[in-house]
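Pasted below: final.tsv, TSV, C-alpha atoms (C1' of nucleotides).
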```tsv
chain	number	residue	atom	x	y	z
A	1	MET	CA	42.30	85.55	30.38
A	2	SER	CA	41.20	85.64	26.75
A	3	LEU	CA	37.53	84.63	26.73
A	4	PRO	CA	36.40	88.11	27.81
A	5	HIS	CA	38.44	89.59	24.97
A	6	VAL	CA	37.03	87.17	22.44
A	7	LEU	CA	33.55	88.18	23.56
A	8	LEU	CA	34.46	91.86	23.26
A	9	GLY	CA	35.73	91.17	19.77
A	10	LEU	CA	32.60	89.37	18.69
A	11	LEU	CA	30.43	92.14	20.11
A	12	ALA	CA	31.24	94.53	17.28
A	13	GLU	CA	27.56	93.83	16.65
A	14	PRO	CA	25.11	93.65	19.57
A	15	ALA	CA	24.30	90.08	20.51
A	16	SER	CA	22.98	87.88	23.30
A	17	GLY	CA	24.93	85.17	25.07
A	18	TYR	CA	23.00	82.63	23.10
A	19	ASP	CA	23.93	84.33	19.81
A	20	LEU	CA	27.59	84.38	20.78
A	21	LYS	CA	27.54	80.68	21.53
A	22	GLN	CA	26.27	80.07	17.99
A	23	GLU	CA	29.17	82.08	16.60
A	24	PHE	CA	31.61	79.83	18.41
A	25	GLY	CA	30.09	76.99	16.49
A	26	GLN	CA	31.08	78.55	13.16
A	27	SER	CA	34.59	79.60	12.18
A	28	ILE	CA	35.68	80.51	15.70
A	29	ARG	CA	35.61	76.93	16.89
A	30	TYR	CA	38.87	76.21	15.12
A	31	PHE	CA	40.73	78.33	17.63
A	32	TRP	CA	38.36	78.94	20.53
A	33	SER	CA	35.28	77.57	22.19
A	34	ALA	CA	33.22	78.15	25.29
A	35	GLU	CA	30.10	76.73	26.88
A	36	LEU	CA	27.07	78.86	27.70
A	37	SER	CA	27.77	78.22	31.36
A	38	GLN	CA	31.05	80.06	30.92
A	39	ILE	CA	29.75	82.74	28.57
A	40	TYR	CA	26.88	84.02	30.73
A	41	PRO	CA	28.96	84.77	33.82
A	42	ALA	CA	31.71	86.25	31.65
A	43	LEU	CA	29.24	88.67	30.05
A	44	ALA	CA	27.81	89.58	33.45
A	45	LYS	CA	31.27	90.41	34.72
A	46	LEU	CA	32.13	92.48	31.64
A	47	GLU	CA	28.95	94.45	32.27
A	48	ARG	CA	29.78	94.96	35.96
A	49	ASP	CA	33.19	96.24	34.86
A	50	GLY	CA	31.58	98.68	32.44
A	51	LEU	CA	32.95	97.10	29.24
A	52	LEU	CA	29.51	96.02	28.08
A	53	GLU	CA	25.96	97.22	28.56
A	54	SER	CA	22.79	95.22	28.07
A	55	SER	CA	19.10	95.58	27.38
A	56	ARG	CA	16.25	93.12	27.49
A	57	GLU	CA	14.59	92.60	24.13
A	58	PRO	CA	11.55	90.47	23.34
A	59	SER	CA	12.34	87.51	21.13
A	60	PRO	CA	10.20	86.51	18.13
A	61	LYS	CA	10.63	82.91	19.24
A	62	GLY	CA	11.18	81.96	22.85
A	63	PRO	CA	11.85	83.93	26.03
A	64	SER	CA	13.17	87.48	26.12
A	65	ARG	CA	16.80	88.05	25.15
A	66	LYS	CA	19.46	90.00	26.98
A	67	VAL	CA	21.32	91.86	24.25
A	68	TYR	CA	24.82	93.13	25.01
A	69	ARG	CA	26.59	96.08	23.43
A	70	ARG	CA	30.23	97.06	23.67
A	71	THR	CA	30.88	100.35	25.43
A	72	ALA	CA	33.71	102.79	24.61
A	73	GLU	CA	35.54	101.26	27.57
A	74	GLY	CA	35.01	97.84	26.07
A	75	GLN	CA	36.40	98.90	22.73
A	76	LYS	CA	39.43	100.32	24.54
A	77	ALA	CA	40.02	97.08	26.44
A	78	LEU	CA	39.91	95.12	23.19
A	79	LYS	CA	42.45	97.45	21.59
A	80	GLU	CA	44.76	97.15	24.57
A	81	TRP	CA	44.67	93.38	24.35
A	82	LEU	CA	45.74	93.53	20.71
A	83	LEU	CA	48.37	96.20	21.30
A	84	ARG	CA	50.01	94.10	23.99
A	85	GLY	CA	51.09	91.82	21.14
A	86	PRO	CA	50.53	88.14	20.35
A	87	VAL	CA	49.62	85.95	23.30
A	88	CYS	CA	51.25	82.54	22.83
A	89	ARG	CA	50.48	80.22	25.72
A	90	THR	CA	51.87	76.70	25.91
A	91	GLU	CA	49.68	74.52	23.77
A	92	ARG	CA	48.38	71.31	25.28
A	93	LEU	CA	47.96	68.84	22.48
A	94	ASP	CA	46.84	65.57	24.00
A	95	TYR	CA	47.20	63.71	20.73
A	96	LEU	CA	50.85	64.77	20.40
A	97	ALA	CA	51.54	63.55	23.91
A	98	GLN	CA	49.93	60.28	22.86
A	99	MET	CA	52.09	60.17	19.74
A	100	PHE	CA	55.15	60.69	21.92
A	101	PHE	CA	54.40	57.47	23.82
A	102	LEU	CA	52.92	55.51	20.95
A	103	GLU	CA	55.42	52.63	21.19
A	104	THR	CA	53.48	51.57	24.30
A	105	ILE	CA	50.77	49.87	22.21
A	106	PRO	CA	51.08	47.11	19.56
A	107	PRO	CA	52.11	48.09	16.00
A	108	ALA	CA	48.69	47.48	14.45
A	109	ARG	CA	47.08	49.81	16.97
A	110	ARG	CA	49.74	52.43	16.37
A	111	ARG	CA	48.86	52.45	12.71
A	112	LYS	CA	45.19	52.75	13.52
A	113	PHE	CA	45.91	55.62	15.87
A	114	ILE	CA	47.61	57.61	13.15
A	115	GLU	CA	44.92	56.75	10.61
A	116	ASP	CA	42.28	58.02	13.01
A	117	LEU	CA	44.25	61.17	13.57
A	118	ARG	CA	44.59	61.71	9.83
A	119	ASP	CA	40.86	61.20	9.32
A	120	ASP	CA	40.10	63.71	12.02
A	121	PHE	CA	42.30	66.41	10.50
A	122	GLN	CA	41.18	65.52	7.01
A	123	GLU	CA	37.64	66.26	8.12
A	124	ARG	CA	38.58	69.60	9.61
A	125	LEU	CA	40.48	70.42	6.47
A	126	HIS	CA	37.44	69.66	4.33
A	127	ALA	CA	35.28	71.82	6.56
A	128	LEU	CA	37.62	74.78	6.19
A	129	GLU	CA	37.92	74.21	2.46
A	130	ALA	CA	34.15	74.35	2.22
A	131	VAL	CA	34.13	77.63	4.13
A	132	GLU	CA	36.69	79.07	1.76
A	133	GLN	CA	34.92	77.87	-1.35
A	134	TYR	CA	31.58	79.26	-0.26
A	135	TRP	CA	33.16	82.56	0.67
A	136	SER	CA	35.06	82.93	-2.59
A	137	GLU	CA	31.94	82.10	-4.60
A	138	SER	CA	29.67	84.47	-2.75
A	139	ASP	CA	31.98	87.49	-2.59
A	140	PRO	CA	33.90	88.59	-5.71
A	141	ARG	CA	36.21	90.61	-3.49
A	142	TYR	CA	37.63	87.38	-2.05
A	143	PRO	CA	40.46	87.21	-1.11
A	144	ASP	CA	42.39	90.40	-1.80
A	145	ARG	CA	39.76	93.08	-2.02
A	146	LEU	CA	37.90	92.20	1.15
A	147	PRO	CA	37.24	95.01	3.65
A	148	ASP	CA	39.66	95.07	6.59
A	149	HIS	CA	37.51	93.28	9.12
A	150	GLU	CA	37.05	90.35	6.77
A	151	LYS	CA	40.61	90.34	5.52
A	152	TYR	CA	42.05	89.29	8.85
A	153	ARG	CA	39.43	86.62	9.20
A	154	GLN	CA	40.37	85.31	5.81
A	155	MET	CA	44.02	85.20	6.87
A	156	THR	CA	43.06	83.33	10.02
A	157	LEU	CA	41.21	80.83	7.85
A	158	LYS	CA	44.28	80.47	5.66
A	159	LEU	CA	46.46	79.48	8.58
A	160	GLY	CA	43.94	76.84	9.57
A	161	LEU	CA	44.01	75.43	6.05
A	162	LYS	CA	47.80	75.38	6.00
A	163	ARG	CA	48.14	73.71	9.36
A	164	TYR	CA	45.52	71.07	8.81
A	165	ALA	CA	46.96	70.25	5.40
A	166	ALA	CA	50.45	69.99	6.91
A	167	THR	CA	49.11	67.71	9.61
A	168	VAL	CA	47.34	65.38	7.17
A	169	GLU	CA	50.51	65.24	5.10
A	170	TRP	CA	52.53	64.41	8.18
A	171	CYS	CA	50.15	61.58	9.09
A	172	GLU	CA	50.61	60.12	5.62
A	173	GLU	CA	54.38	60.34	5.93
A	174	CYS	CA	54.26	58.59	9.30
A	175	LEU	CA	52.14	55.80	7.86
A	176	GLU	CA	54.57	55.33	4.98
A	177	ARG	CA	57.49	55.12	7.37
A	178	MET	CA	55.96	52.35	9.49
B	179	MET	CA	42.52	64.59	32.10
B	180	SER	CA	45.82	64.13	30.32
B	181	LEU	CA	48.49	65.31	32.73
B	182	PRO	CA	48.36	62.06	34.72
B	183	HIS	CA	48.81	60.13	31.48
B	184	VAL	CA	51.73	62.27	30.39
B	185	LEU	CA	53.37	61.60	33.75
B	186	LEU	CA	52.73	57.87	33.36
B	187	GLY	CA	54.30	58.05	29.93
B	188	LEU	CA	57.39	59.86	31.15
B	189	LEU	CA	57.78	57.39	34.01
B	190	ALA	CA	59.07	54.63	31.76
B	191	GLU	CA	62.17	55.43	33.82
B	192	PRO	CA	61.87	56.11	37.57
B	193	ALA	CA	61.98	59.82	38.34
B	194	SER	CA	61.08	62.41	40.93
B	195	GLY	CA	58.59	65.23	40.47
B	196	TYR	CA	61.49	67.59	40.12
B	197	ASP	CA	63.04	65.45	37.38
B	198	LEU	CA	59.76	65.32	35.50
B	199	LYS	CA	59.46	69.09	35.60
B	200	GLN	CA	62.87	69.30	33.92
B	201	GLU	CA	61.68	66.98	31.17
B	202	PHE	CA	58.78	69.30	30.43
B	203	GLY	CA	61.37	71.95	29.80
B	204	GLN	CA	62.90	69.93	26.97
B	205	SER	CA	61.04	68.57	23.96
B	206	ILE	CA	57.76	68.08	25.78
B	207	ARG	CA	57.16	71.76	26.23
B	208	TYR	CA	56.10	72.08	22.59
B	209	PHE	CA	52.91	70.19	23.31
B	210	TRP	CA	52.53	70.10	27.09
B	211	SER	CA	53.64	71.83	30.24
B	212	ALA	CA	52.92	71.77	33.93
B	213	GLU	CA	54.11	73.54	37.04
B	214	LEU	CA	55.57	71.70	40.02
B	215	SER	CA	52.54	72.76	42.01
B	216	GLN	CA	50.42	70.70	39.63
B	217	ILE	CA	52.86	67.82	39.24
B	218	TYR	CA	53.30	67.00	42.93
B	219	PRO	CA	49.61	66.53	43.75
B	220	ALA	CA	49.11	64.64	40.47
B	221	LEU	CA	51.86	62.18	41.39
B	222	ALA	CA	50.45	61.78	44.89
B	223	LYS	CA	47.03	60.94	43.45
B	224	LEU	CA	48.48	58.45	40.96
B	225	GLU	CA	50.19	56.75	43.89
B	226	ARG	CA	46.98	56.66	45.96
B	227	ASP	CA	45.27	55.07	42.95
B	228	GLY	CA	47.98	52.43	42.70
B	229	LEU	CA	49.33	53.51	39.29
B	230	LEU	CA	52.64	54.60	40.74
B	231	GLU	CA	54.77	53.70	43.74
B	232	SER	CA	57.47	55.77	45.36
B	233	SER	CA	60.56	55.51	47.51
B	234	ARG	CA	62.67	58.12	49.27
B	235	GLU	CA	66.20	58.30	48.02
B	236	PRO	CA	69.02	60.47	49.31
B	237	SER	CA	70.19	63.07	46.84
B	238	PRO	CA	73.85	63.79	46.10
B	239	LYS	CA	72.99	67.48	46.14
B	240	GLY	CA	70.10	68.86	48.19
B	241	PRO	CA	67.30	67.26	50.19
B	242	SER	CA	66.09	63.69	49.76
B	243	ARG	CA	64.16	62.82	46.60
B	244	LYS	CA	60.89	60.98	46.25
B	245	VAL	CA	61.37	58.69	43.27
B	246	TYR	CA	58.28	57.34	41.52
B	247	ARG	CA	58.00	54.12	39.55
B	248	ARG	CA	55.18	53.00	37.28
B	249	THR	CA	53.30	49.91	38.48
B	250	ALA	CA	51.75	47.26	36.23
B	251	GLU	CA	48.43	49.04	36.82
B	252	GLY	CA	50.04	52.27	35.70
B	253	GLN	CA	51.34	50.72	32.52
B	254	LYS	CA	47.87	49.40	31.85
B	255	ALA	CA	46.28	52.81	32.34
B	256	LEU	CA	48.73	54.34	29.90
B	257	LYS	CA	47.92	51.69	27.30
B	258	GLU	CA	44.22	52.25	27.71
B	259	TRP	CA	44.63	55.96	27.14
B	260	LEU	CA	46.43	55.28	23.87
B	261	LEU	CA	44.02	52.58	22.77
B	262	ARG	CA	41.05	54.91	23.23
B	263	GLY	CA	42.43	56.74	20.19
B	264	PRO	CA	43.56	60.31	19.54
B	265	VAL	CA	42.23	62.91	21.97
B	266	CYS	CA	41.58	66.13	20.05
B	267	ARG	CA	40.21	68.84	22.29
B	268	THR	CA	39.31	72.28	20.99
B	269	GLU	CA	42.48	74.28	20.78
B	270	ARG	CA	42.51	77.70	22.35
B	271	LEU	CA	44.91	79.83	20.37
B	272	ASP	CA	44.80	83.31	21.81
B	273	TYR	CA	46.94	84.74	19.03
B	274	LEU	CA	44.54	83.46	16.37
B	275	ALA	CA	41.64	85.07	18.19
B	276	GLN	CA	43.68	88.26	18.18
B	277	MET	CA	44.35	87.87	14.47
B	278	PHE	CA	40.63	87.48	13.90
B	279	PHE	CA	40.00	90.95	15.36
B	280	LEU	CA	43.17	92.60	14.14
B	281	GLU	CA	41.39	95.35	12.20
B	282	THR	CA	40.64	96.90	15.60
B	283	ILE	CA	44.10	98.47	15.83
B	284	PRO	CA	45.89	100.85	13.41
B	285	PRO	CA	47.61	99.37	10.32
B	286	ALA	CA	51.16	99.95	11.55
B	287	ARG	CA	50.40	98.04	14.74
B	288	ARG	CA	48.80	95.24	12.77
B	289	ARG	CA	52.00	94.79	10.85
B	290	LYS	CA	54.02	94.79	14.04
B	291	PHE	CA	51.70	92.20	15.54
B	292	ILE	CA	52.31	89.81	12.68
B	293	GLU	CA	56.04	90.46	12.70
B	294	ASP	CA	56.16	89.65	16.40
B	295	LEU	CA	54.21	86.49	15.79
B	296	ARG	CA	56.56	85.48	13.01
B	297	ASP	CA	59.60	86.11	15.21
B	298	ASP	CA	58.08	84.02	17.96
B	299	PHE	CA	57.46	81.03	15.69
B	300	GLN	CA	60.76	81.53	13.92
B	301	GLU	CA	62.44	81.12	17.29
B	302	ARG	CA	60.55	77.96	18.10
B	303	LEU	CA	61.39	76.63	14.65
B	304	HIS	CA	65.09	77.29	15.20
B	305	ALA	CA	64.93	75.55	18.57
B	306	LEU	CA	63.38	72.43	17.03
B	307	GLU	CA	65.83	72.51	14.14
B	308	ALA	CA	68.66	72.56	16.65
B	309	VAL	CA	67.15	69.54	18.41
B	310	GLU	CA	66.93	67.68	15.13
B	311	GLN	CA	70.43	68.57	14.06
B	312	TYR	CA	71.95	67.51	17.35
B	313	TRP	CA	70.00	64.28	17.29
B	314	SER	CA	70.94	63.40	13.72
B	315	GLU	CA	74.61	64.14	14.41
B	316	SER	CA	74.79	62.14	17.60
B	317	ASP	CA	72.89	59.04	16.46
B	318	PRO	CA	73.67	57.45	13.08
B	319	ARG	CA	70.35	55.60	13.22
B	320	TYR	CA	68.51	58.92	12.85
B	321	PRO	CA	65.84	59.08	11.50
B	322	ASP	CA	64.80	55.72	10.06
B	323	ARG	CA	66.68	53.17	12.10
B	324	LEU	CA	65.81	54.52	15.52
B	325	PRO	CA	64.36	52.11	18.07
B	326	ASP	CA	60.59	52.29	18.44
B	327	HIS	CA	60.43	54.50	21.48
B	328	GLU	CA	62.56	57.12	19.79
B	329	LYS	CA	60.91	56.79	16.42
B	330	TYR	CA	57.61	58.18	17.62
B	331	ARG	CA	59.36	61.01	19.37
B	332	GLN	CA	61.15	61.81	16.17
B	333	MET	CA	57.82	61.87	14.33
B	334	THR	CA	56.38	64.18	16.96
B	335	LEU	CA	59.34	66.47	16.44
B	336	LYS	CA	58.73	66.39	12.68
B	337	LEU	CA	55.18	67.63	13.08
B	338	GLY	CA	56.40	70.49	15.20
B	339	LEU	CA	58.91	71.45	12.53
B	340	LYS	CA	56.26	71.28	9.83
B	341	ARG	CA	53.74	73.34	11.71
B	342	TYR	CA	56.13	76.02	12.83
B	343	ALA	CA	57.56	76.33	9.34
B	344	ALA	CA	54.05	76.61	7.90
B	345	THR	CA	53.21	79.28	10.44
B	346	VAL	CA	56.28	81.36	9.69
B	347	GLU	CA	55.50	81.07	5.98
B	348	TRP	CA	51.96	82.18	6.61
B	349	CYS	CA	53.13	85.23	8.55
B	350	GLU	CA	55.33	86.21	5.62
B	351	GLU	CA	52.43	85.84	3.23
B	352	CYS	CA	50.25	88.00	5.44
B	353	LEU	CA	52.90	90.70	5.56
B	354	GLU	CA	53.22	90.67	1.79
B	355	ARG	CA	49.49	91.03	1.39
B	356	MET	CA	49.21	94.11	3.59
C	357	DC	C1'	77.53	84.27	54.34
C	358	DA	C1'	74.92	85.23	50.19
C	359	DG	C1'	72.88	83.49	46.17
C	360	DG	C1'	71.83	79.57	43.25
C	361	DT	C1'	70.10	75.14	42.46
C	362	DC	C1'	67.98	71.03	44.49
C	363	DA	C1'	63.77	69.36	46.43
C	364	DT	C1'	58.91	69.02	48.18
C	365	DG	C1'	54.96	70.77	49.07
C	366	DT	C1'	50.30	73.97	50.31
C	367	DA	C1'	46.92	77.79	49.40
C	368	DA	C1'	44.40	80.84	46.76
C	369	DT	C1'	42.69	81.95	42.53
C	370	DA	C1'	41.35	81.56	37.66
C	371	DA	C1'	39.58	79.08	33.79
C	372	DG	C1'	36.94	75.47	31.84
C	373	DT	C1'	33.59	71.34	31.82
C	374	DT	C1'	29.54	68.80	33.08
C	375	DA	C1'	25.32	68.53	35.20
C	376	DC	C1'	21.26	70.58	36.65
C	377	DA	C1'	17.08	73.90	36.79
C	378	DT	C1'	13.67	76.63	34.48
C	379	DG	C1'	10.50	78.10	31.24
C	380	DA	C1'	8.66	80.08	26.51
C	381	DT	C1'	7.53	79.09	21.68
C	382	DT	C1'	7.01	76.31	17.58
C	383	DA	C1'	6.48	72.43	14.43
C	384	DA	C1'	5.24	67.63	13.78
D	385	DT	C1'	1.20	66.41	23.36
D	386	DT	C1'	5.75	65.74	22.67
D	387	DA	C1'	10.09	66.94	21.01
D	388	DA	C1'	13.12	70.61	19.32
D	389	DT	C1'	14.84	75.04	19.55
D	390	DC	C1'	15.15	79.41	22.01
D	391	DA	C1'	16.86	81.53	26.11
D	392	DT	C1'	19.10	82.35	30.72
D	393	DG	C1'	21.20	80.95	34.33
D	394	DT	C1'	23.47	78.20	38.91
D	395	DA	C1'	26.28	74.48	41.16
D	396	DA	C1'	29.75	71.20	41.49
D	397	DC	C1'	33.83	69.69	39.88
D	398	DT	C1'	38.28	69.50	37.34
D	399	DT	C1'	42.30	71.61	35.57
D	400	DA	C1'	45.87	75.07	35.56
D	401	DT	C1'	48.36	79.29	37.30
D	402	DT	C1'	50.48	82.19	40.74
D	403	DA	C1'	52.04	82.93	45.11
D	404	DC	C1'	53.83	81.34	49.25
D	405	DA	C1'	56.53	78.31	52.70
D	406	DT	C1'	60.36	75.45	53.93
D	407	DG	C1'	64.79	73.73	54.07
D	408	DA	C1'	69.27	71.17	52.35
D	409	DC	C1'	73.46	71.62	49.97
D	410	DC	C1'	77.08	73.91	47.08
D	411	DT	C1'	79.92	77.64	45.12
D	412	DG	C1'	82.22	81.95	45.21
```

Hey, can you dump this file as structure tokens for me?
Amino acid sequence: MSLPHVLLGLLAEPASGYDLKQEFGQSIRYFWSAELSQIYPALAKLERDGLLESSREPSPKGPSRKVYRRTAEGQKALKEWLLRGPVCRTERLDYLAQMFFLETIPPARRRKFIEDLRDDFQERLHALEAVEQYWSESDPRYPDRLPDHEKYRQMTLKLGLKRYAATVEWCEECLERM
Amino acid sequence: MSLPHVLLGLLAEPASGYDLKQEFGQSIRYFWSAELSQIYPALAKLERDGLLESSREPSPKGPSRKVYRRTAEGQKALKEWLLRGPVCRTERLDYLAQMFFLETIPPARRRKFIEDLRDDFQERLHALEAVEQYWSESDPRYPDRLPDHEKYRQMTLKLGLKRYAATVEWCEECLERM
DNA sequence: CAGGTCATGTAATAAGTTACATGATTAA
DNA sequence: TTAATCATGTAACTTATTACATGACCTG
């Protein structure tokens, strides 16, 4: 039940469903994603429940936009989610399940599997490194003098960097041990 | 579409739905889980599709068991899944989404949030460390002389250890920086 | 005989993906 | 005029969770 909360979180600034989908494409995508076909109904329900309100606004390019704003109720719901403490659901990592049964395929293909996995995480790592570099170059307050709302985003980024680096390292170790 | 493949993987040895559920409770749970209400229909479908076959067997304790075996077709399907290469879907990490919006709650509660997160991962780390210790004590081949099918499980375990350790470390760093 | 574990399932609901439908505006 | 982007949505399907239903066998 977290997508509604993620949307509430992102709606610190008014935005349309379409805008929100773009935001998922940026930093968010490393820990969450959603299709427009899931976002639109979710926003509609949040509005019905009084956590959001919306207004139609003409768009400079394209059809008119439905811009959502968080209500006081919405802000409260977001807070409650955070105050309930960390939500840790069981992760479903298909590639780890595959790793678990990797002996099923011939040795050469096993090696290739792990190389592919390494390349994938290497790429993600580079992407996050680029984010960090751009951020640190464009804001002299990076990383320790950032305002609160950016500080926690920076920390989130840091965990991504750590985990992806650890994963790439692990792939290399596996390859050496084969 | 991975649960069926996980079941195929686990069914290297014949087992009932109930047995398989137990296995999820062990090592598997760090990267996959499923309820019995999902497992039973999944097994039934795999049988209809000819990837598994079953037989009723009396149980020493309790009602009769339905024991599934992998067919040649099933083995093939498992191989194909692995040969298609690593499946990396977008992860949905609720607690990272929460971290991203953590400025929403008061500073003392932010700290508590991160402490709780650290405790959670610390616990998982301890659990995996216990698994490793037991394994290394009970099998002198651990870790480099293990037979193939255990070697990849050991590597899977290693990634878990690495990631959980990195996460605990990261929590500590966050707390220091607050 | 009560409570726990063994054992198999169905039903209802929630969450997420893929495909489809529609139409405006802009740039090549 | 054709393709791309902007913009909002519905429908069908798949996947996962929670709740319910049933009953055997074992232990205290």

Using all atoms listed in the file, I'd like every residue of chain A that has an atom within 6 Å of chain B; please write them out as a PyMOL selection string. chain A and resi 31-32+85-87+91-95+100+103+113+148-149+152-153

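You will find atom CA of B:Glu231 at 11.1 Å from atom CA of B:Ser194.
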
Could you check the closest approach to C:DG365 for each of B:Arg289, B:Arg234, B:Lys244, B:Arg323 and tell me which residue wins, using only C-alpha atoms (C1' of nucleotides)? B:Lys244

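Within 10 Å of the point (36.2, 79.7, 36.9), and counting only C-alpha atoms (C1' of nucleotides), the protein, DNA and RNA residues are Gln38, Pro41 and Ala42 of chain A; DT369, DA370, DA371 and DG372 of chain C.
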
Selected residues written out, C-alpha atoms (C1' of nucleotides), as a CSV table (one decimal), keeping the file's coordinate frame:
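Result file out10.csv:
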```csv
chain,number,residue,atom,x,y,z
A,38,GLN,CA,31.0,80.1,30.9
A,41,PRO,CA,29.0,84.8,33.8
A,42,ALA,CA,31.7,86.2,31.6
C,369,DT,C1',42.7,82.0,42.5
C,370,DA,C1',41.4,81.6,37.7
C,371,DA,C1',39.6,79.1,33.8
C,372,DG,C1',36.9,75.5,31.8
```

Sorted per-residue table, chain C near chain B, closest atoms and distance, 12 Å, all atoms listed in the file, as CSV:
```
residue,atom,partner,partner_atom,distance
C:DG360,C1',B:Gly240,CA,11.9
C:DT361,C1',B:Gly240,CA,8.5
C:DC362,C1',B:Gly240,CA,4.8
C:DA363,C1',B:Pro241,CA,5.6
C:DT364,C1',B:Tyr218,CA,7.9
C:DG365,C1',B:Tyr218,CA,7.4
C:DT366,C1',B:Ser215,CA,8.7
C:DA367,C1',B:Ser215,CA,10.6
C:DA371,C1',B:Arg270,CA,11.9
C:DG372,C1',B:Arg270,CA,11.2
C:DT373,C1',B:Met179,CA,11.2
```

How would the residues just picked look written out with C-alpha atoms (C1' of nucleotides) as a PDB file, keeping the file's coordinate frame?
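See selection-v4.pdb below for the written result:
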```
ATOM      1  C1'  DG C 360      71.830  79.570  43.250  1.00  0.00           C
ATOM      2  C1'  DT C 361      70.100  75.140  42.460  1.00  0.00           C
ATOM      3  C1'  DC C 362      67.980  71.030  44.490  1.00  0.00           C
ATOM      4  C1'  DA C 363      63.770  69.360  46.430  1.00  0.00           C
ATOM      5  C1'  DT C 364      58.910  69.020  48.180  1.00  0.00           C
ATOM      6  C1'  DG C 365      54.960  70.770  49.070  1.00  0.00           C
ATOM      7  C1'  DT C 366      50.300  73.970  50.310  1.00  0.00           C
ATOM      8  C1'  DA C 367      46.920  77.790  49.400  1.00  0.00           C
ATOM      9  C1'  DA C 371      39.580  79.080  33.790  1.00  0.00           C
ATOM     10  C1'  DG C 372      36.940  75.470  31.840  1.00  0.00           C
ATOM     11  C1'  DT C 373      33.590  71.340  31.820  1.00  0.00           C
TER      12       DT C 373
END
```

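Using only C-alpha atoms (C1' of nucleotides), the shortest contact distance between chain D and any of A:Thr71, A:Glu13, A:Pro58, A:Phe24 is found at A:Pro58.
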
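Interatomic distance, atom C1' of C:DT382 against atom C1' of D:DA387: 10.4 Å.
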
List the neighbours of D:DG412 out to 12 Å using only C-alpha atoms (C1' of nucleotides); skip same-chain residues closer than 6 positions along the sequence, and give me the result as a compact mmCIF listing (two decimals) with C-alpha atoms (C1' of nucleotides), in the coordinates of the input.
```txt
# COMPACT_ATOMS: atom_id res chain seq x y z
C1' DC C 357 77.53 84.27 54.34
C1' DA C 358 74.92 85.23 50.19
C1' DG C 359 72.88 83.49 46.17
C1' DG C 360 71.83 79.57 43.25
```

Distance-based interface of chain D with chain A, 10 Å, counting all atoms listed in the file, as a ChimeraX atom specification: /D:389-394

Export of prior selection with C-alpha atoms (C1' of nucleotides) as an mmCIF file, keeping the file's coordinate frame:
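Result file follows (out_28.cif):
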```
data_model
loop_
_atom_site.group_PDB
_atom_site.id
_atom_site.type_symbol
_atom_site.label_atom_id
_atom_site.label_comp_id
_atom_site.auth_asym_id
_atom_site.auth_seq_id
_atom_site.Cartn_x
_atom_site.Cartn_y
_atom_site.Cartn_z
ATOM 1 C "C1'" DT D 389 14.840 75.040 19.550
ATOM 2 C "C1'" DC D 390 15.150 79.410 22.010
ATOM 3 C "C1'" DA D 391 16.860 81.530 26.110
ATOM 4 C "C1'" DT D 392 19.100 82.350 30.720
ATOM 5 C "C1'" DG D 393 21.200 80.950 34.330
ATOM 6 C "C1'" DT D 394 23.470 78.200 38.910
#
```

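Rounded to one decimal, atom CA of B:Glu225 and atom CA of B:Leu198 lie 15.3 Å from each other.
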
List the neighbours of D:DA388 out to 12 Å using only C-alpha atoms (C1' of nucleotides); skip same-chain residues closer than 6 positions along the sequence, and give me the result as a PDB file with C-alpha atoms (C1' of nucleotides), in the frame of the given file.
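Written file, result.pdb:
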```pdb
ATOM      1  C1'  DT C 381       7.530  79.090  21.680  1.00  0.00           C
ATOM      2  C1'  DT C 382       7.010  76.310  17.580  1.00  0.00           C
ATOM      3  C1'  DA C 383       6.480  72.430  14.430  1.00  0.00           C
ATOM      4  C1'  DA C 384       5.240  67.630  13.780  1.00  0.00           C
TER       5       DA C 384
END
```
